[in-house]
Every structure is written in structure tokens, then in C-alpha cells.
Amino acid sequence: MSTTIYRAKRILTMDPSQPEATHIAVVDGRILAVGPRDAMPEGDTDTRFADKVILPGFVEGHSHALEGAMWNYLYLGYFPRTDPEGRIWNGLESIAEVQARLREHAASLPPGEPLVAWGFDPVYFEGTRLTRRELDEAVADRPLVVLHASLHVMTVNSTMLEMAGISAGPRVQGVMCDDGGTPSGELQEMAAMFVVFDALGENLFEAVASPDTLHRYSRIAQRAGVTTITDLYNPMTDEAVAAMVEVTAAADFPVRLVPAMGVLSWAADEGIERLQAAMAHNHERLTFGPAKLMTDGSIQGYTARLKWPHYHDGHPNGLWNADPEALTELVQAYHQAGLQLHIHTNGDEAVELMLDAIDQALTLWPRPDHRHTLQHCQVIDHAQLRRAASLGLCLNMFANHLYYWGDIHYSRTLGPSRSQRLEPLASASRLGIPVAIHSDAPVTPLGPLFTAWCAVNRRTASGRQLGAHEAVSVAQALEMITLGAAYTLGLDDRVGSLEVGKQADMVVLDDDPLGVAPEHLKDIVVHATVLGGRCHGQD
């Protein structure tokens with residue numbers, strides 16, 4: 001095949017042997033040469049990006065294909081957000097505004113059709129939490145489900161409670177009740193939420209089995225400069241596997257997809273067998289292999305497990321998604337099977353449990369390059385960071401927390417002291433821990449440059465800086481959204497940097513992230529991406 005030579009104003013390679021270049025030669029979808037013009041082989045020069053800056057395509061190491069499905073439902077978030085069609089949805093800053101949007105949308109639906117909404121974040125509203133009473137006032141003639149922004153909690157109206165058979169009282173953990181013992185409408189964590197999904201006959205977390213959802217997800221990712229994307233809680237049903245195999249087989253699919261199987265959906269032996277069987281479908285744009293274990297919930301949703309002194313405002317500690325003993329046994333089973341675990345650990349008590357579990361697993365079955373990755377780890381403390389380093393763990397931190405919930409953590413959930421170590425990226429880097437950062441879309445919008453901005457500037461929505469000593473440089477943040485994230489996925493031999501032999505995956509930017517002021521990092525425009533030498537989204 002012919003060789004194409006891309007010329008750019010500047011190429012930031014993430015290759016420590018050659019950090020910068022002006023030209024990159026691509027043949028058959030892979031990188032043949034990187035460097036100045038005189039280091040290039042014979043080939044056709046492509047000057048479309050001559051005035052642009054090229055980086056390795058961004059790697060989003062923790063997001064969900066639900067990003068491609070949630071816009072089928074009504075948005076109720078506190079912050080403004082733009083949908084895939086470009087419509088800007090205003091943020092809702094009061095319960096009355098939430099009720100008004102629900103009423104307006106309900107009026108557009110056929111009689112009796114369930115109304116599902118998402119993005120609501122109760123932590124921003126003073127006073128009591130959203131209950132079925134407020135939802136009944138808005139919509140009482142149909143089942144109503146409001147999924148919270150964290151995806152760990154939902155609130156439903158009385159009609160939905162009756163339909164799910166839990167209006168009289170809880171039959172699973174997580175069905176919250178008022179002082180009189182009557183379900184309040186709030187359902188915390190997976191067991192309780194799945195009762196509603198079963199009643200609806202529609203599990204939102206299984207919407208990723210739709211090819212349309214996956215295509216929409218890929219387009220959202222591509223526009224954000226992402227060339228490798230995860231689905232970090234995939235149900236791994238036969239339908240889901242078939243859909244991923246189908247869509248990624250298309251030559252014009254603009255991203256590489258790495259799903260991680262939701263471990264809690266399967267008995268250990270069955271899950272391991274299912275995941276290993278799926279790996280037979282792997283190809284250049286699809287990589288099965290990781291497994292996702294969900295331990296606790298979210299700090300802002302008060303469902304994360306925190307060590308003493310627990311929640312700053314005195315709220316009761318959060319929930320486990322399975323008994324700690326069962327979580328430990330799952331870590332050991334998947335580790336022994338040679339599989340890589342990505343483990344949701346928002347609270348530091350959850351981090352402690354998983355450090356103990358991985359320590360035990362490594363003692364029983366040593367693996368020198370396991371790359372087990374703790375995800376989120378919002379308030380991981382310094383002793384835990386040192387343990388993580390000694391155990392060879394990776395960390396993928398939710399840097400967007402700083403902006404979206406930093407103010408809430410400072411004043412309500414964590415307090416001023418612990419908020420200074422929120423997402424301790426600099427400390428983790430100093431210890432030599434492989435680090436990535438992520439958006440957890442659809443929890444927050446998918447956008448690696450914004451995530452990098454959060455890691456560099458550490459500003460909350462109000463402008464407060466949290467933990468200045470944990471800020472990283474722009475160069476470090478760029479590595480965390482490219483090579484660092486690729487390492488946590490076991491793909492750093494193929495993507496994440498622009499080196500000879502790797503896939504020709506690139507993001508083309510209008511401005512130089514190392515040349516603009518750090519506070520403007522999030523404002524850089526993604527011009528195009530290149531996946532395996534094929535351009536997407538350019539003018």
C-alpha cells in the first residue's frame with residue numbers, strides 16, 4: 001500500500017525518545033516513521049493538518065456506552081449540557097424546575113407510557129432528598145423513574161413503586177424508607193434499581209446491546225478527540241457481544257472499543273468463562289478482556305463507603321454492592337483466571353478492602369504484570385497510595401469530580417481537609433504509579449481535554465481551587481489521557497503514543513495544548529481524528 005506522510009505545525013508524540021516531530025508516515029494503518037521531513041520515506045504528503053497540532057488519539061479509560069443511550073430519555077441535570085444533536089439543555093436549579101420539565105415531557109407521551117429521566121443530582125438541592133411525593137406532584141398517571149447523575153441511585157413515583165411490588169416495604173437492600181417505614185421512592189445501588197428495571201422490562205444498563213447506541217457513542221467520542229473508548233460496565237450478554245462485534249467490524253467505525261464485563265451480573269465461574277469466550281472475537285477495533293467490579297457507590301450520592309470520620313455532615317455511611325467477603329472472593333477468582341480487573345472504589349474504605357483483596361490474591365497467585373486498576377478512588381489516602389504502588393496497581397482517577405462536585409465535597413460530604421486530597425494525582429505520579437484520568441460519561445460529559453483541564457487547574461464550579469499541591473502539569477495530564485490510559489487497558493503496545501509500529505491513531509487540534517495558558521486547555525477545538533490512518537471529522 002502507498003505511504004501517506006502527514007505534516008503538522010507540531011506533533012506531540014508521548015514517546016520519550018522523540019517527544020516532538022513535524023511529520024508522521026503511515027502505511028497500512030500503522031506508523032512507519034516519525035520525525036522531521038528528511039526522516040520520512042517516499043510517499044504522498046498530506047498537508048490538511050499543516051497548521052494544526054497532532055497528538056496520539058485520546059484514550060478514554062473509564063466511560064460507558066450508556067452515553068449513547070441516555071439521550072433517549074429526559075435530561076434533568078443541574079449543569080447545562082449539550083445533546084448529540086447540538087441542543088443545549090438548561091440546568092435545573094430547583095425541584096420546581098425539575099417538576100416543570102417532567103410535566104412538560106409527560107404531556108408529550110402516550111397515556112400510561114413510563115417516563116424515564118436522568119442526570120438529577122440531589123446533592124445540589126438544600127433540604128430533604130427527592131421523594132415520591134415530589135414526583136407524584138409532577139407526574140402521577142404513569143410510572144416515573146428519575147435516575148440520578150451518579151447512576152448509583154434512582155427515585156421513582158408511587159405508580160412505579162406499585163408496579164415494582166415494593167410500595168409496601170423493601171424486599172432488597174437499598175429501598176429507602178421514611179420514618180414510618182414506608183418506601184420513600186429513593187432506591188440506592190444495583191439490587192434495588194434492578195427491581196425497577198425488571199418491572200419495566202427495560203434495563204437501562206443493557207441498552208448498550210443496541211447497535212444504534214454504540215454508533216452514537218462512537219460519534220460522541222470521535223468529536224471529543226477519542227480514538228480508543230471503553231464501556232466499563234458491559235452486561236456481556238449474547239446480544240451485547242453480538243452488537244459490539246457487528247458495529248466494530250465496519251471499516252468506518254471511528255474508535256477502538258474496550259468493553260469491561262460487569263462482574264456482579266454473573267456467578268464467578270460463568271462470568272470468567274463468558275469473558276474468555278468473548279476474547280475469541282477480538283480484532284483491531286474490539287478488545288474483550290477486562291472485567292469491572294463494583295464495590296461501593298458515589299460520595300456525592302452518599303452511597304460510597306468512607307473510613308472514619310465518614311461523611312463530614314454526619315450522613316450515614318454508604319452501601320456495598322455485595323458483601324465484602326463476596327467482593328474479595330471475586331477478586332481472587334478473576335485474578336487467578338489471569339484476567340484484569342477494573343475496580344470501582346469511590347470511598348477510601350472501599351479502597352482499603354480492595355487493597356487487602358489484591359494483596360491476598362497476589363500472595364496466593366503471583367502475577368508480575370496484572371495491571372489491576374482502581375477506578376475513581378476519589379479520596380485515596382497516602383498510605384493507600386504507597387500500598388497501591390507496592391502492589392503494582394494502576395489508578396484511573398475521576399478528575400472531573402473536582403469541577404462538578406468539589407464545592408459539595410468541601411462543604412458537605414468530605415469537609416475542607418479531605419477535599420485537599422481529592423483525586424491526588426501529583427502524589428500518585430511521584431510514587432511512580434501508572435495513572436489515567438477519566439470522565440465516567442454519561443456521569444459527566446465525555447471530553448478528555450476538559451478532564452485534563454481539571455487535573456491541571458483543580459478548580460470547582462465556583463472557582464475554588466482544591467489541593468493545589470495535587471495539581472499536575474499540562475504535559476503530565478496529556479500523558480494521562482493518552483499513554484497512561486492505554487497502559488491501564490493493556491494497550492500501550494498499540495496505542496497511546498505515536499511510535500513506529502503502533503496504530504496510526506491521532507487527534508488533530510486547532511491549538512497547541514503546551515502553548516496555550518493552562519486555564520484555556522479545555523477550550524481547544526478538536527479538528528479531526530485519525531484511526532488507523534483513516535480520517536474522521538475533518539473539514
# chains A, B, ... in the order shown; residues from 1 in each chain; ligands from 1

call {"tool": "residues_around", "arguments": {"residues": "region 339-344 of chain A", "least_positions_apart": "6", "cutoff": "6 Å", "atoms": "only C-alpha atoms", "output": "NGL selection string"}}
result
:A and (290-295 or 372-375)

call {"tool": "write_last_selection", "arguments": {"atoms": "N, CA and C atoms", "output": "compact mmCIF listing (two decimals), in the first residue's frame"}}
result
# COMPACT_ATOMS: atom_id res chain seq x y z
N PRO A 290 -10.94 -7.06 29.88
CA PRO A 290 -11.10 -6.52 31.23
C PRO A 290 -12.43 -6.92 31.87
N ALA A 291 -12.42 -6.96 33.20
CA ALA A 291 -13.63 -7.20 33.99
C ALA A 291 -13.80 -6.05 34.97
N LYS A 292 -15.05 -5.64 35.20
CA LYS A 292 -15.35 -4.49 36.07
C LYS A 292 -16.07 -4.97 37.33
N LEU A 293 -15.50 -4.64 38.48
CA LEU A 293 -16.10 -4.99 39.76
C LEU A 293 -16.57 -3.71 40.45
N MET A 294 -17.83 -3.69 40.85
CA MET A 294 -18.43 -2.53 41.51
C MET A 294 -18.47 -2.79 43.01
N THR A 295 -17.75 -2.01 43.80
CA THR A 295 -17.72 -2.24 45.24
C THR A 295 -18.75 -1.36 45.96
N HIS A 372 -4.15 -4.61 37.42
CA HIS A 372 -5.43 -4.31 38.06
C HIS A 372 -5.49 -2.81 38.34
N THR A 373 -6.65 -2.22 38.08
CA THR A 373 -6.78 -0.76 38.13
C THR A 373 -7.91 -0.37 39.07
N LEU A 374 -7.58 0.48 40.04
CA LEU A 374 -8.60 1.06 40.89
C LEU A 374 -9.18 2.29 40.18
N GLN A 375 -10.49 2.32 40.10
CA GLN A 375 -11.18 3.37 39.37
C GLN A 375 -11.82 4.37 40.34

call {"tool": "select_by_dssp", "arguments": {"residues": "region 391-505 of chain A", "states": "strand (DSSP E)", "output": "list in words"}}
result
Cys394, Leu395, Asn396, Met397, Val435, Ala436 and Ile437 of chain A

call {"tool": "select_by_dssp", "arguments": {"residues": "region 313-396 of chain A", "states": "alpha helix (DSSP H)", "output": "VMD selection string"}}
result
chain A and resid 324 to 336 348 to 364 382 to 390

call {"tool": "atom_distance", "arguments": {"atom1": "CA of Leu509 (chain A)", "atom2": "CA of His527 (chain A)"}}
result
5.3 Å

call {"tool": "residues_around", "arguments": {"residues": "Gly301 (chain A)", "least_positions_apart": "3", "cutoff": "10 Å", "atoms": "only C-alpha atoms", "output": "ChimeraX atom specification"}}
result
/A:121-123,148-153,188-189,297-298,304,318,413

call {"tool": "write_last_selection", "arguments": {"atoms": "N, CA, C and O atoms", "output": "PDB file, in the first residue's frame"}}
result
ATOM      1  N   ASP A 121     -29.304  15.435  40.288  1.00  0.00           N
ATOM      2  CA  ASP A 121     -28.266  15.360  41.317  1.00  0.00           C
ATOM      3  C   ASP A 121     -28.767  16.019  42.597  1.00  0.00           C
ATOM      4  O   ASP A 121     -28.695  17.235  42.756  1.00  0.00           O
ATOM      5  N   PRO A 122     -29.282  15.217  43.547  1.00  0.00           N
ATOM      6  CA  PRO A 122     -29.937  15.792  44.731  1.00  0.00           C
ATOM      7  C   PRO A 122     -28.996  16.559  45.641  1.00  0.00           C
ATOM      8  O   PRO A 122     -29.441  17.386  46.436  1.00  0.00           O
ATOM      9  N   VAL A 123     -27.697  16.317  45.526  1.00  0.00           N
ATOM     10  CA  VAL A 123     -26.769  16.958  46.449  1.00  0.00           C
ATOM     11  C   VAL A 123     -26.748  18.475  46.272  1.00  0.00           C
ATOM     12  O   VAL A 123     -26.313  19.210  47.163  1.00  0.00           O
ATOM     13  N   HIS A 148     -30.375   9.159  39.008  1.00  0.00           N
ATOM     14  CA  HIS A 148     -29.501  10.231  39.475  1.00  0.00           C
ATOM     15  C   HIS A 148     -28.223  10.291  38.649  1.00  0.00           C
ATOM     16  O   HIS A 148     -27.836   9.321  37.990  1.00  0.00           O
ATOM     17  N   ALA A 149     -27.536  11.425  38.721  1.00  0.00           N
ATOM     18  CA  ALA A 149     -26.352  11.660  37.897  1.00  0.00           C
ATOM     19  C   ALA A 149     -25.272  10.620  38.115  1.00  0.00           C
ATOM     20  O   ALA A 149     -24.542  10.261  37.194  1.00  0.00           O
ATOM     21  N   SER A 150     -25.147  10.111  39.328  1.00  0.00           N
ATOM     22  CA  SER A 150     -24.092   9.144  39.642  1.00  0.00           C
ATOM     23  C   SER A 150     -24.339   7.775  39.033  1.00  0.00           C
ATOM     24  O   SER A 150     -23.436   6.942  38.987  1.00  0.00           O
ATOM     25  N   LEU A 151     -25.587   7.513  38.603  1.00  0.00           N
ATOM     26  CA  LEU A 151     -26.037   6.201  38.117  1.00  0.00           C
ATOM     27  C   LEU A 151     -26.060   5.156  39.223  1.00  0.00           C
ATOM     28  O   LEU A 151     -26.205   3.970  38.948  1.00  0.00           O
ATOM     29  N   HIS A 152     -25.955   5.584  40.480  1.00  0.00           N
ATOM     30  CA  HIS A 152     -25.992   4.657  41.608  1.00  0.00           C
ATOM     31  C   HIS A 152     -27.289   4.761  42.411  1.00  0.00           C
ATOM     32  O   HIS A 152     -27.490   3.982  43.345  1.00  0.00           O
ATOM     33  N   VAL A 153     -28.148   5.723  42.077  1.00  0.00           N
ATOM     34  CA  VAL A 153     -29.379   5.961  42.820  1.00  0.00           C
ATOM     35  C   VAL A 153     -30.467   6.350  41.827  1.00  0.00           C
ATOM     36  O   VAL A 153     -30.192   6.963  40.798  1.00  0.00           O
ATOM     37  N   GLN A 188     -31.325   2.895  46.251  1.00  0.00           N
ATOM     38  CA  GLN A 188     -29.878   3.049  46.210  1.00  0.00           C
ATOM     39  C   GLN A 188     -29.183   1.763  45.765  1.00  0.00           C
ATOM     40  O   GLN A 188     -29.463   0.685  46.277  1.00  0.00           O
ATOM     41  N   GLU A 189     -28.317   1.912  44.800  1.00  0.00           N
ATOM     42  CA  GLU A 189     -27.432   0.862  44.305  1.00  0.00           C
ATOM     43  C   GLU A 189     -28.187  -0.200  43.496  1.00  0.00           C
ATOM     44  O   GLU A 189     -29.394  -0.154  43.315  1.00  0.00           O
ATOM     45  N   GLY A 297     -20.663   2.900  46.189  1.00  0.00           N
ATOM     46  CA  GLY A 297     -21.389   3.809  45.321  1.00  0.00           C
ATOM     47  C   GLY A 297     -20.632   5.094  45.083  1.00  0.00           C
ATOM     48  O   GLY A 297     -19.433   5.084  44.807  1.00  0.00           O
ATOM     49  N   SER A 298     -21.339   6.235  45.205  1.00  0.00           N
ATOM     50  CA  SER A 298     -20.719   7.532  44.940  1.00  0.00           C
ATOM     51  C   SER A 298     -20.733   8.374  46.205  1.00  0.00           C
ATOM     52  O   SER A 298     -21.664   8.289  47.017  1.00  0.00           O
ATOM     53  N   ALA A 304     -21.144   5.883  48.819  1.00  0.00           N
ATOM     54  CA  ALA A 304     -19.761   5.395  48.891  1.00  0.00           C
ATOM     55  C   ALA A 304     -19.422   5.021  50.328  1.00  0.00           C
ATOM     56  O   ALA A 304     -19.998   5.552  51.285  1.00  0.00           O
ATOM     57  N   GLY A 318     -22.139   4.713  53.399  1.00  0.00           N
ATOM     58  CA  GLY A 318     -22.788   4.201  52.199  1.00  0.00           C
ATOM     59  C   GLY A 318     -22.976   2.701  52.194  1.00  0.00           C
ATOM     60  O   GLY A 318     -22.904   2.021  53.227  1.00  0.00           O
ATOM     61  N   THR A 413     -19.838  16.782  52.070  1.00  0.00           N
ATOM     62  CA  THR A 413     -19.587  15.337  52.149  1.00  0.00           C
ATOM     63  C   THR A 413     -18.235  14.982  52.759  1.00  0.00           C
ATOM     64  O   THR A 413     -18.116  13.995  53.492  1.00  0.00           O
TER      65      THR A 413
END

call {"tool": "atom_distance", "arguments": {"atom1": "CA of Val139 (chain A)", "atom2": "CA of Ala65 (chain A)"}}
result
28.9 Å

call {"tool": "residues_around", "arguments": {"residues": "Asp369 (chain A)", "least_positions_apart": "2", "cutoff": "12 Å", "atoms": "only C-alpha atoms", "output": "VMD selection string"}}
result
chain A and resid 335 338 to 340 362 366 to 367 371 to 373 391 to 394 487 to 488 490

call {"tool": "write_last_selection", "arguments": {"atoms": "C-alpha atoms", "output": "PDB file, in the first residue's frame"}}
result
ATOM      1  CA  HIS A 335      -7.104 -12.754  39.325  1.00  0.00           C
ATOM      2  CA  GLY A 338      -5.415 -14.382  34.636  1.00  0.00           C
ATOM      3  CA  LEU A 339      -7.939 -11.627  33.868  1.00  0.00           C
ATOM      4  CA  GLN A 340      -7.538  -7.916  34.508  1.00  0.00           C
ATOM      5  CA  LEU A 362      -1.062 -11.784  44.722  1.00  0.00           C
ATOM      6  CA  PRO A 366       1.762 -14.003  41.976  1.00  0.00           C
ATOM      7  CA  ARG A 367       1.384 -12.087  38.690  1.00  0.00           C
ATOM      8  CA  ARG A 371      -2.405  -4.145  35.782  1.00  0.00           C
ATOM      9  CA  HIS A 372      -5.435  -4.311  38.059  1.00  0.00           C
ATOM     10  CA  THR A 373      -6.783  -0.761  38.131  1.00  0.00           C
ATOM     11  CA  LEU A 391       1.170  -3.974  44.733  1.00  0.00           C
ATOM     12  CA  GLY A 392       1.774  -2.833  41.149  1.00  0.00           C
ATOM     13  CA  LEU A 393      -1.663  -1.304  40.752  1.00  0.00           C
ATOM     14  CA  CYS A 394      -2.793   1.298  38.257  1.00  0.00           C
ATOM     15  CA  TYR A 487      -1.430   1.344  29.830  1.00  0.00           C
ATOM     16  CA  THR A 488      -4.352   0.731  32.196  1.00  0.00           C
ATOM     17  CA  GLY A 490      -3.110  -3.163  28.392  1.00  0.00           C
TER      18      GLY A 490
END

call {"tool": "decode", "arguments": {"residues": "region 274-287 of chain A", "atoms": "all heavy atoms", "output": "PDB file, in the first residue's frame"}}
result
ATOM      1  N   ARG A 274     -17.535 -16.799  30.235  1.00  0.00           N
ATOM      2  CA  ARG A 274     -18.156 -15.932  29.233  1.00  0.00           C
ATOM      3  C   ARG A 274     -17.153 -14.898  28.706  1.00  0.00           C
ATOM      4  O   ARG A 274     -17.079 -14.635  27.501  1.00  0.00           O
ATOM      5  CB  ARG A 274     -19.374 -15.246  29.845  1.00  0.00           C
ATOM      6  CG  ARG A 274     -20.081 -14.242  28.955  1.00  0.00           C
ATOM      7  CD  ARG A 274     -21.414 -13.858  29.553  1.00  0.00           C
ATOM      8  NE  ARG A 274     -22.363 -14.944  29.406  1.00  0.00           N
ATOM      9  CZ  ARG A 274     -23.157 -15.112  28.351  1.00  0.00           C
ATOM     10  NH1 ARG A 274     -23.118 -14.231  27.344  1.00  0.00           N
ATOM     11  NH2 ARG A 274     -23.986 -16.112  28.270  1.00  0.00           N
ATOM     12  N   LEU A 275     -16.372 -14.312  29.602  1.00  0.00           N
ATOM     13  CA  LEU A 275     -15.403 -13.306  29.194  1.00  0.00           C
ATOM     14  C   LEU A 275     -14.297 -13.922  28.350  1.00  0.00           C
ATOM     15  O   LEU A 275     -13.888 -13.358  27.320  1.00  0.00           O
ATOM     16  CB  LEU A 275     -14.822 -12.634  30.434  1.00  0.00           C
ATOM     17  CG  LEU A 275     -13.861 -11.469  30.215  1.00  0.00           C
ATOM     18  CD1 LEU A 275     -14.447 -10.422  29.294  1.00  0.00           C
ATOM     19  CD2 LEU A 275     -13.489 -10.843  31.560  1.00  0.00           C
ATOM     20  N   GLN A 276     -13.824 -15.078  28.742  1.00  0.00           N
ATOM     21  CA  GLN A 276     -12.778 -15.741  27.969  1.00  0.00           C
ATOM     22  C   GLN A 276     -13.279 -16.135  26.585  1.00  0.00           C
ATOM     23  O   GLN A 276     -12.540 -16.047  25.600  1.00  0.00           O
ATOM     24  CB  GLN A 276     -12.256 -16.951  28.738  1.00  0.00           C
ATOM     25  CG  GLN A 276     -11.451 -16.580  29.979  1.00  0.00           C
ATOM     26  CD  GLN A 276     -11.092 -17.773  30.845  1.00  0.00           C
ATOM     27  OE1 GLN A 276     -11.801 -18.793  30.845  1.00  0.00           O
ATOM     28  NE2 GLN A 276     -10.020 -17.656  31.606  1.00  0.00           N
ATOM     29  N   ALA A 277     -14.534 -16.548  26.501  1.00  0.00           N
ATOM     30  CA  ALA A 277     -15.101 -16.898  25.194  1.00  0.00           C
ATOM     31  C   ALA A 277     -15.220 -15.669  24.305  1.00  0.00           C
ATOM     32  O   ALA A 277     -14.971 -15.730  23.092  1.00  0.00           O
ATOM     33  CB  ALA A 277     -16.473 -17.551  25.378  1.00  0.00           C
ATOM     34  N   ALA A 278     -15.593 -14.524  24.889  1.00  0.00           N
ATOM     35  CA  ALA A 278     -15.728 -13.297  24.103  1.00  0.00           C
ATOM     36  C   ALA A 278     -14.406 -12.867  23.499  1.00  0.00           C
ATOM     37  O   ALA A 278     -14.371 -12.260  22.423  1.00  0.00           O
ATOM     38  CB  ALA A 278     -16.295 -12.183  24.977  1.00  0.00           C
ATOM     39  N   MET A 279     -13.300 -13.176  24.172  1.00  0.00           N
ATOM     40  CA  MET A 279     -11.987 -12.755  23.688  1.00  0.00           C
ATOM     41  C   MET A 279     -11.644 -13.362  22.332  1.00  0.00           C
ATOM     42  O   MET A 279     -10.778 -12.850  21.622  1.00  0.00           O
ATOM     43  CB  MET A 279     -10.921 -13.091  24.731  1.00  0.00           C
ATOM     44  CG  MET A 279     -11.058 -12.247  26.002  1.00  0.00           C
ATOM     45  SD  MET A 279     -10.123 -12.867  27.419  1.00  0.00           S
ATOM     46  CE  MET A 279      -8.442 -12.579  26.856  1.00  0.00           C
ATOM     47  N   ALA A 280     -12.335 -14.424  21.951  1.00  0.00           N
ATOM     48  CA  ALA A 280     -12.112 -15.009  20.622  1.00  0.00           C
ATOM     49  C   ALA A 280     -12.560 -14.062  19.510  1.00  0.00           C
ATOM     50  O   ALA A 280     -12.151 -14.221  18.351  1.00  0.00           O
ATOM     51  CB  ALA A 280     -12.860 -16.338  20.507  1.00  0.00           C
ATOM     52  N   HIS A 281     -13.389 -13.074  19.851  1.00  0.00           N
ATOM     53  CA  HIS A 281     -13.876 -12.109  18.858  1.00  0.00           C
ATOM     54  C   HIS A 281     -12.965 -10.892  18.725  1.00  0.00           C
ATOM     55  O   HIS A 281     -13.273  -9.989  17.931  1.00  0.00           O
ATOM     56  CB  HIS A 281     -15.276 -11.626  19.244  1.00  0.00           C
ATOM     57  CG  HIS A 281     -16.319 -12.702  19.263  1.00  0.00           C
ATOM     58  ND1 HIS A 281     -16.786 -13.312  18.124  1.00  0.00           N
ATOM     59  CD2 HIS A 281     -16.985 -13.281  20.306  1.00  0.00           C
ATOM     60  CE1 HIS A 281     -17.706 -14.213  18.439  1.00  0.00           C
ATOM     61  NE2 HIS A 281     -17.841 -14.213  19.755  1.00  0.00           N
ATOM     62  N   ASN A 282     -11.887 -10.828  19.473  1.00  0.00           N
ATOM     63  CA  ASN A 282     -11.031  -9.635  19.446  1.00  0.00           C
ATOM     64  C   ASN A 282     -10.468  -9.373  18.054  1.00  0.00           C
ATOM     65  O   ASN A 282     -10.095 -10.305  17.331  1.00  0.00           O
ATOM     66  CB  ASN A 282      -9.868  -9.782  20.437  1.00  0.00           C
ATOM     67  CG  ASN A 282     -10.314  -9.618  21.880  1.00  0.00           C
ATOM     68  OD1 ASN A 282     -11.455  -9.320  22.153  1.00  0.00           O
ATOM     69  ND2 ASN A 282      -9.385  -9.810  22.810  1.00  0.00           N
ATOM     70  N   HIS A 283     -10.433  -8.107  17.706  1.00  0.00           N
ATOM     71  CA  HIS A 283      -9.744  -7.682  16.485  1.00  0.00           C
ATOM     72  C   HIS A 283      -9.232  -6.272  16.726  1.00  0.00           C
ATOM     73  O   HIS A 283      -9.304  -5.759  17.850  1.00  0.00           O
ATOM     74  CB  HIS A 283     -10.654  -7.780  15.255  1.00  0.00           C
ATOM     75  CG  HIS A 283     -11.907  -6.959  15.331  1.00  0.00           C
ATOM     76  ND1 HIS A 283     -11.940  -5.612  15.048  1.00  0.00           N
ATOM     77  CD2 HIS A 283     -13.176  -7.293  15.674  1.00  0.00           C
ATOM     78  CE1 HIS A 283     -13.166  -5.146  15.184  1.00  0.00           C
ATOM     79  NE2 HIS A 283     -13.944  -6.143  15.575  1.00  0.00           N
ATOM     80  N   GLU A 284      -8.721  -5.617  15.713  1.00  0.00           N
ATOM     81  CA  GLU A 284      -8.034  -4.332  15.911  1.00  0.00           C
ATOM     82  C   GLU A 284      -8.910  -3.270  16.549  1.00  0.00           C
ATOM     83  O   GLU A 284      -8.411  -2.411  17.283  1.00  0.00           O
ATOM     84  CB  GLU A 284      -7.484  -3.814  14.572  1.00  0.00           C
ATOM     85  CG  GLU A 284      -6.224  -4.528  14.116  1.00  0.00           C
ATOM     86  CD  GLU A 284      -5.610  -3.845  12.910  1.00  0.00           C
ATOM     87  OE1 GLU A 284      -6.224  -2.886  12.389  1.00  0.00           O
ATOM     88  OE2 GLU A 284      -4.514  -4.264  12.482  1.00  0.00           O
ATOM     89  N   ARG A 285     -10.213  -3.302  16.292  1.00  0.00           N
ATOM     90  CA  ARG A 285     -11.089  -2.263  16.826  1.00  0.00           C
ATOM     91  C   ARG A 285     -11.939  -2.744  17.993  1.00  0.00           C
ATOM     92  O   ARG A 285     -12.793  -2.002  18.475  1.00  0.00           O
ATOM     93  CB  ARG A 285     -11.985  -1.696  15.715  1.00  0.00           C
ATOM     94  CG  ARG A 285     -11.245  -0.810  14.721  1.00  0.00           C
ATOM     95  CD  ARG A 285     -12.197  -0.122  13.752  1.00  0.00           C
ATOM     96  NE  ARG A 285     -12.924  -1.079  12.941  1.00  0.00           N
ATOM     97  CZ  ARG A 285     -12.443  -1.658  11.845  1.00  0.00           C
ATOM     98  NH1 ARG A 285     -11.223  -1.361  11.429  1.00  0.00           N
ATOM     99  NH2 ARG A 285     -13.160  -2.521  11.165  1.00  0.00           N
ATOM    100  N   LEU A 286     -11.729  -3.954  18.468  1.00  0.00           N
ATOM    101  CA  LEU A 286     -12.518  -4.500  19.568  1.00  0.00           C
ATOM    102  C   LEU A 286     -11.637  -5.374  20.451  1.00  0.00           C
ATOM    103  O   LEU A 286     -11.016  -6.317  19.967  1.00  0.00           O
ATOM    104  CB  LEU A 286     -13.699  -5.313  19.030  1.00  0.00           C
ATOM    105  CG  LEU A 286     -14.613  -5.965  20.070  1.00  0.00           C
ATOM    106  CD1 LEU A 286     -15.294  -4.920  20.942  1.00  0.00           C
ATOM    107  CD2 LEU A 286     -15.667  -6.847  19.379  1.00  0.00           C
ATOM    108  N   THR A 287     -11.590  -5.051  21.743  1.00  0.00           N
ATOM    109  CA  THR A 287     -10.754  -5.805  22.678  1.00  0.00           C
ATOM    110  C   THR A 287     -11.558  -6.205  23.907  1.00  0.00           C
ATOM    111  O   THR A 287     -11.833  -5.382  24.787  1.00  0.00           O
ATOM    112  CB  THR A 287      -9.530  -4.979  23.124  1.00  0.00           C
ATOM    113  OG1 THR A 287      -8.778  -4.578  21.977  1.00  0.00           O
ATOM    114  CG2 THR A 287      -8.641  -5.801  24.051  1.00  0.00           C
TER     115      THR A 287
END
